[in-house]
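Visitor: Below: one structure in C-alpha coordinates.
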Amino acid sequence: MNIFNSGVARYYANPQVVPDNFFNREELDLLAEIGCNHREMHNYIRTYANYGCPTPSNVLLITSVCRSYFLIARRGITGNTQPVPARNMPHEEEEMQGMPYLPRLIKKALLKLYGTLDPALLYGDDKDTTFLRDHGNIHPADFLMMAWRCHGDQQKLISALLAATRANEQPAEREELNVSDLPGNGELL
(Lines give C-alpha, C1' and ligand atoms only; values in the text may rest on other atoms or scores of the structure.)
Protein backbone atom coordinates (compact mmCIF):
# COMPACT_ATOMS: atom_id res chain seq x y z
CA MET A 1 0.00 0.00 0.00
CA ASN A 2 2.92 2.31 0.71
CA ILE A 3 4.32 1.69 -2.77
CA PHE A 4 0.94 2.48 -4.28
CA ASN A 5 0.36 5.65 -2.25
CA SER A 6 3.86 7.04 -2.75
CA GLY A 7 3.61 6.07 -6.42
CA VAL A 8 0.41 8.09 -6.82
CA ALA A 9 2.09 11.15 -5.26
CA ARG A 10 5.14 10.63 -7.49
CA TYR A 11 2.91 10.26 -10.55
CA TYR A 12 1.09 13.51 -9.78
CA ALA A 13 4.46 15.25 -9.43
CA ASN A 14 5.82 13.87 -12.71
CA PRO A 15 3.42 11.82 -14.86
CA GLN A 16 5.96 11.63 -17.69
CA VAL A 17 8.25 9.11 -15.95
CA VAL A 18 8.18 5.78 -17.80
CA PRO A 19 7.39 2.59 -15.84
CA ASP A 20 10.97 1.29 -16.03
CA ASN A 21 12.27 4.41 -14.25
CA PHE A 22 9.34 4.99 -11.92
CA PHE A 23 10.13 2.80 -8.89
CA ASN A 24 13.28 2.86 -6.76
CA ARG A 25 15.37 -0.27 -6.19
CA GLU A 26 13.75 -1.09 -2.83
CA GLU A 27 10.26 -0.86 -4.35
CA LEU A 28 11.27 -2.99 -7.33
CA ASP A 29 12.72 -5.62 -5.01
CA LEU A 30 9.54 -5.75 -2.90
CA LEU A 31 7.31 -5.97 -5.98
CA ALA A 32 9.45 -8.83 -7.34
CA GLU A 33 9.34 -10.54 -3.95
CA ILE A 34 5.54 -10.70 -4.09
CA GLY A 35 5.40 -11.59 -7.80
CA CYS A 36 4.08 -8.21 -8.92
CA ASN A 37 5.14 -6.81 -12.29
CA HIS A 38 6.33 -3.22 -11.82
CA ARG A 39 4.78 -2.16 -15.14
CA GLU A 40 1.45 -3.51 -14.04
CA MET A 41 1.68 -1.66 -10.71
CA HIS A 42 2.57 1.50 -12.61
CA ASN A 43 -0.56 0.97 -14.73
CA TYR A 44 -2.69 0.70 -11.55
CA ILE A 45 -1.11 3.88 -10.18
CA ARG A 46 -1.50 5.79 -13.44
CA THR A 47 -5.11 4.71 -13.90
CA TYR A 48 -6.02 5.59 -10.33
CA ALA A 49 -4.27 8.96 -10.56
CA ASN A 50 -6.12 9.81 -13.78
CA TYR A 51 -9.53 8.20 -13.23
CA GLY A 52 -9.87 7.34 -9.54
CA CYS A 53 -10.18 3.62 -10.07
CA PRO A 54 -9.43 0.94 -9.25
CA THR A 55 -9.29 2.15 -5.67
CA PRO A 56 -6.17 1.60 -3.58
CA SER A 57 -8.02 -0.96 -1.45
CA ASN A 58 -9.08 -2.90 -4.56
CA VAL A 59 -5.49 -2.89 -5.86
CA LEU A 60 -4.32 -4.11 -2.45
CA LEU A 61 -6.85 -6.96 -2.39
CA ILE A 62 -6.11 -8.03 -5.98
CA THR A 63 -2.35 -7.85 -5.37
CA SER A 64 -2.77 -9.80 -2.14
CA VAL A 65 -4.49 -12.70 -3.91
CA CYS A 66 -1.81 -12.70 -6.61
CA ARG A 67 0.92 -12.59 -3.96
CA SER A 68 -0.59 -15.63 -2.23
CA TYR A 69 -0.87 -17.48 -5.51
CA PHE A 70 2.72 -16.57 -6.37
CA LEU A 71 4.07 -17.73 -3.01
CA ILE A 72 1.87 -20.82 -2.56
CA ALA A 73 0.97 -22.22 -5.97
CA ARG A 74 4.05 -21.01 -7.83
CA ARG A 75 6.33 -21.34 -4.77
CA GLY A 76 7.81 -17.91 -5.44
CA ILE A 77 9.32 -19.03 -8.73
CA THR A 78 9.10 -16.49 -11.51
CA GLY A 79 10.63 -18.58 -14.29
CA ASN A 80 10.35 -17.35 -17.85
CA THR A 81 6.90 -15.84 -17.63
CA GLN A 82 6.45 -13.79 -20.77
CA PRO A 83 3.29 -11.69 -20.79
CA VAL A 84 0.55 -12.79 -23.17
CA PRO A 85 0.09 -9.90 -25.61
CA ALA A 86 -3.19 -7.99 -25.40
CA ARG A 87 -3.89 -8.88 -29.04
CA ASN A 88 -4.23 -12.54 -27.99
CA MET A 89 -7.09 -11.78 -25.62
CA PRO A 90 -10.70 -12.65 -26.45
CA HIS A 91 -12.63 -9.66 -27.76
CA GLU A 92 -14.98 -7.91 -25.36
CA GLU A 93 -18.00 -8.99 -27.42
CA GLU A 94 -17.18 -12.72 -27.27
CA GLU A 95 -19.65 -14.71 -25.18
CA MET A 96 -19.77 -17.75 -22.94
CA GLN A 97 -23.07 -19.04 -21.57
CA GLY A 98 -24.76 -16.07 -23.26
CA MET A 99 -22.62 -13.57 -21.32
CA PRO A 100 -20.62 -11.11 -23.40
CA TYR A 101 -17.20 -10.24 -21.93
CA LEU A 102 -16.94 -13.43 -19.84
CA PRO A 103 -14.24 -15.11 -22.00
CA ARG A 104 -12.09 -11.99 -21.75
CA LEU A 105 -12.59 -11.68 -18.00
CA ILE A 106 -11.72 -15.32 -17.38
CA LYS A 107 -8.57 -15.04 -19.50
CA LYS A 108 -7.55 -11.81 -17.72
CA ALA A 109 -8.08 -13.40 -14.30
CA LEU A 110 -6.09 -16.52 -15.13
CA LEU A 111 -3.24 -14.58 -16.70
CA LYS A 112 -3.21 -12.22 -13.71
CA LEU A 113 -2.84 -15.19 -11.37
CA TYR A 114 -0.13 -16.77 -13.51
CA GLY A 115 1.78 -13.47 -13.71
CA THR A 116 1.51 -13.37 -17.50
CA LEU A 117 -1.13 -10.66 -18.04
CA ASP A 118 0.10 -8.02 -20.46
CA PRO A 119 0.99 -5.03 -18.21
CA ALA A 120 -0.88 -2.81 -20.67
CA LEU A 121 -4.10 -4.55 -19.54
CA LEU A 122 -5.56 -3.88 -16.15
CA TYR A 123 -7.30 -6.62 -14.21
CA GLY A 124 -10.02 -5.08 -12.05
CA ASP A 125 -10.77 -2.17 -14.38
CA ASP A 126 -14.25 -0.65 -14.76
CA LYS A 127 -15.41 -3.28 -17.27
CA ASP A 128 -14.26 -6.17 -15.07
CA THR A 129 -15.82 -4.61 -11.98
CA THR A 130 -19.11 -3.83 -13.72
CA PHE A 131 -19.40 -7.34 -15.14
CA LEU A 132 -18.70 -8.94 -11.77
CA ARG A 133 -21.07 -6.59 -9.96
CA ASP A 134 -23.85 -7.44 -12.44
CA HIS A 135 -23.14 -11.18 -12.25
CA GLY A 136 -23.14 -12.13 -8.60
CA ASN A 137 -21.83 -8.92 -7.06
CA ILE A 138 -18.37 -10.48 -6.88
CA HIS A 139 -15.28 -8.47 -5.97
CA PRO A 140 -12.46 -8.78 -8.55
CA ALA A 141 -10.16 -10.23 -5.85
CA ASP A 142 -12.80 -12.84 -5.00
CA PHE A 143 -13.08 -13.76 -8.67
CA LEU A 144 -9.31 -14.36 -8.69
CA MET A 145 -9.75 -16.65 -5.69
CA MET A 146 -12.53 -18.48 -7.53
CA ALA A 147 -10.23 -18.91 -10.55
CA TRP A 148 -7.52 -20.28 -8.26
CA ARG A 149 -9.93 -22.67 -6.53
CA CYS A 150 -11.15 -23.92 -9.92
CA HIS A 151 -7.57 -24.65 -10.96
CA GLY A 152 -8.10 -22.73 -14.19
CA ASP A 153 -11.03 -24.95 -15.22
CA GLN A 154 -13.25 -22.52 -17.12
CA GLN A 155 -16.41 -24.62 -16.76
CA LYS A 156 -16.02 -24.83 -12.98
CA LEU A 157 -15.38 -21.09 -12.86
CA ILE A 158 -18.49 -20.39 -14.94
CA SER A 159 -20.53 -22.66 -12.64
CA ALA A 160 -19.26 -20.79 -9.58
CA LEU A 161 -20.09 -17.45 -11.22
CA LEU A 162 -23.60 -18.63 -12.15
CA ALA A 163 -24.14 -19.90 -8.59
CA ALA A 164 -23.13 -16.51 -7.19
CA THR A 165 -25.40 -14.76 -9.70
CA ARG A 166 -28.37 -16.94 -8.72
CA ALA A 167 -27.65 -16.39 -5.03
CA ASN A 168 -27.76 -12.61 -5.51
CA GLU A 169 -30.90 -12.62 -7.66
CA GLN A 170 -33.09 -13.75 -4.77
CA PRO A 171 -31.58 -12.26 -1.60
CA ALA A 172 -34.74 -12.82 0.46
CA GLU A 173 -34.77 -16.54 -0.31
CA ARG A 174 -31.02 -17.02 -0.37
CA GLU A 175 -29.73 -20.13 1.32
CA GLU A 176 -26.52 -20.21 3.26
CA LEU A 177 -23.67 -20.88 0.82
CA ASN A 178 -21.51 -23.77 1.89
CA VAL A 179 -17.87 -23.55 0.81
CA SER A 180 -17.83 -27.30 0.11
CA ASP A 181 -20.53 -26.74 -2.56
CA LEU A 182 -18.15 -24.64 -4.65
CA PRO A 183 -15.79 -26.16 -7.22
CA GLY A 184 -12.61 -27.35 -5.55
CA ASN A 185 -14.40 -28.48 -2.39
CA GLY A 186 -13.09 -25.54 -0.41
CA GLU A 187 -9.45 -26.26 -1.18
CA LEU A 188 -7.16 -23.49 -2.33
CA LEU A 189 -4.75 -25.74 -4.16
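Going through the C-alpha coordinates in order, the chains are called A, B, and so on, while each chain numbers its residues from 1 and the ligands are numbered from 1 in the order shown.
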Got a sec: who's within 8 Å of stretch 113-124 of chain A, counting only C-alpha atoms, leaving out chain neighbours fewer than 3 positions off, as a PyMOL selection string?
Guide: chain A and resi 35-37+39-40+43-44+54+58-59+62+66+69-70+81-86+108-110+127-129+140+144+148
Visitor: I want to know what sits within 12 Å of A:Ile3, based on only C-alpha atoms, with residues of the same chain fewer than 4 positions away left out; could you give that as a VMD selection string?
Guide: chain A and resid 7 to 11 22 to 31 36 38 41 to 42 44 to 45 56 59 to 60 63
Visitor: How many Å separate atom CA of A:Asn21 from atom CA of A:Tyr51?
Guide: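 Here the two named atoms are 22.1 Å from each other.
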Visitor: Which is closer to A:Tyr48 than all the others in A:Asp134, A:Glu169, A:Asn5, A:Lys112, using only C-alpha atoms?
Guide: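 When distances to A:Tyr48 are compared using only C-alpha atoms, the smallest one comes from A:Asn5.
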Visitor: Please run DSSP on the backbone and report, as a list in words, all residues within chain A that come out as strand (DSSP E).
Guide: Glu95, Met96, Met99 and Pro100 of chain A
Visitor: For A:Arg104, please output as a count of residues only all residues within 9 Å (counting only C-alpha atoms; exclusion window: fewer than 5 positions along the same chain).
Guide: 8
Visitor: Enter the distance from atom CA of A:Ser159 to atom CA of A:Leu105, in Å, rounded to one decimal.
Guide: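 For atom CA of A:Ser159 relative to atom CA of A:Leu105, the distance reads 14.6 Å.
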Visitor: Could you work out how far atom CA of A:Phe4 lies from atom CA of A:Ser57, giving the answer in Å with one decimal?
Guide: 10.0 Å
Visitor: For A:Ala160, work out the shell of residues within 9 Å, counting only C-alpha atoms and skipping chain neighbours fewer than 3 positions away, then give it as a list in words.
Guide: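 After dropping sequence-adjacent residues, the list is Met146, Cys150, Gln155, Lys156, Leu157, Ala163, Ala164, Thr165, Leu182 and Pro183 of chain A.
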Visitor: Give the answer as one residue: which of A:Ile158, A:Asn14, A:Ile34, A:Ser6 has the shortest atom-to-atom distance to A:Ser68, using only C-alpha atoms?
Guide: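 Of A:Ile158, A:Asn14, A:Ile34, A:Ser6, the one nearest A:Ser68 is A:Ile34, counting only C-alpha atoms.
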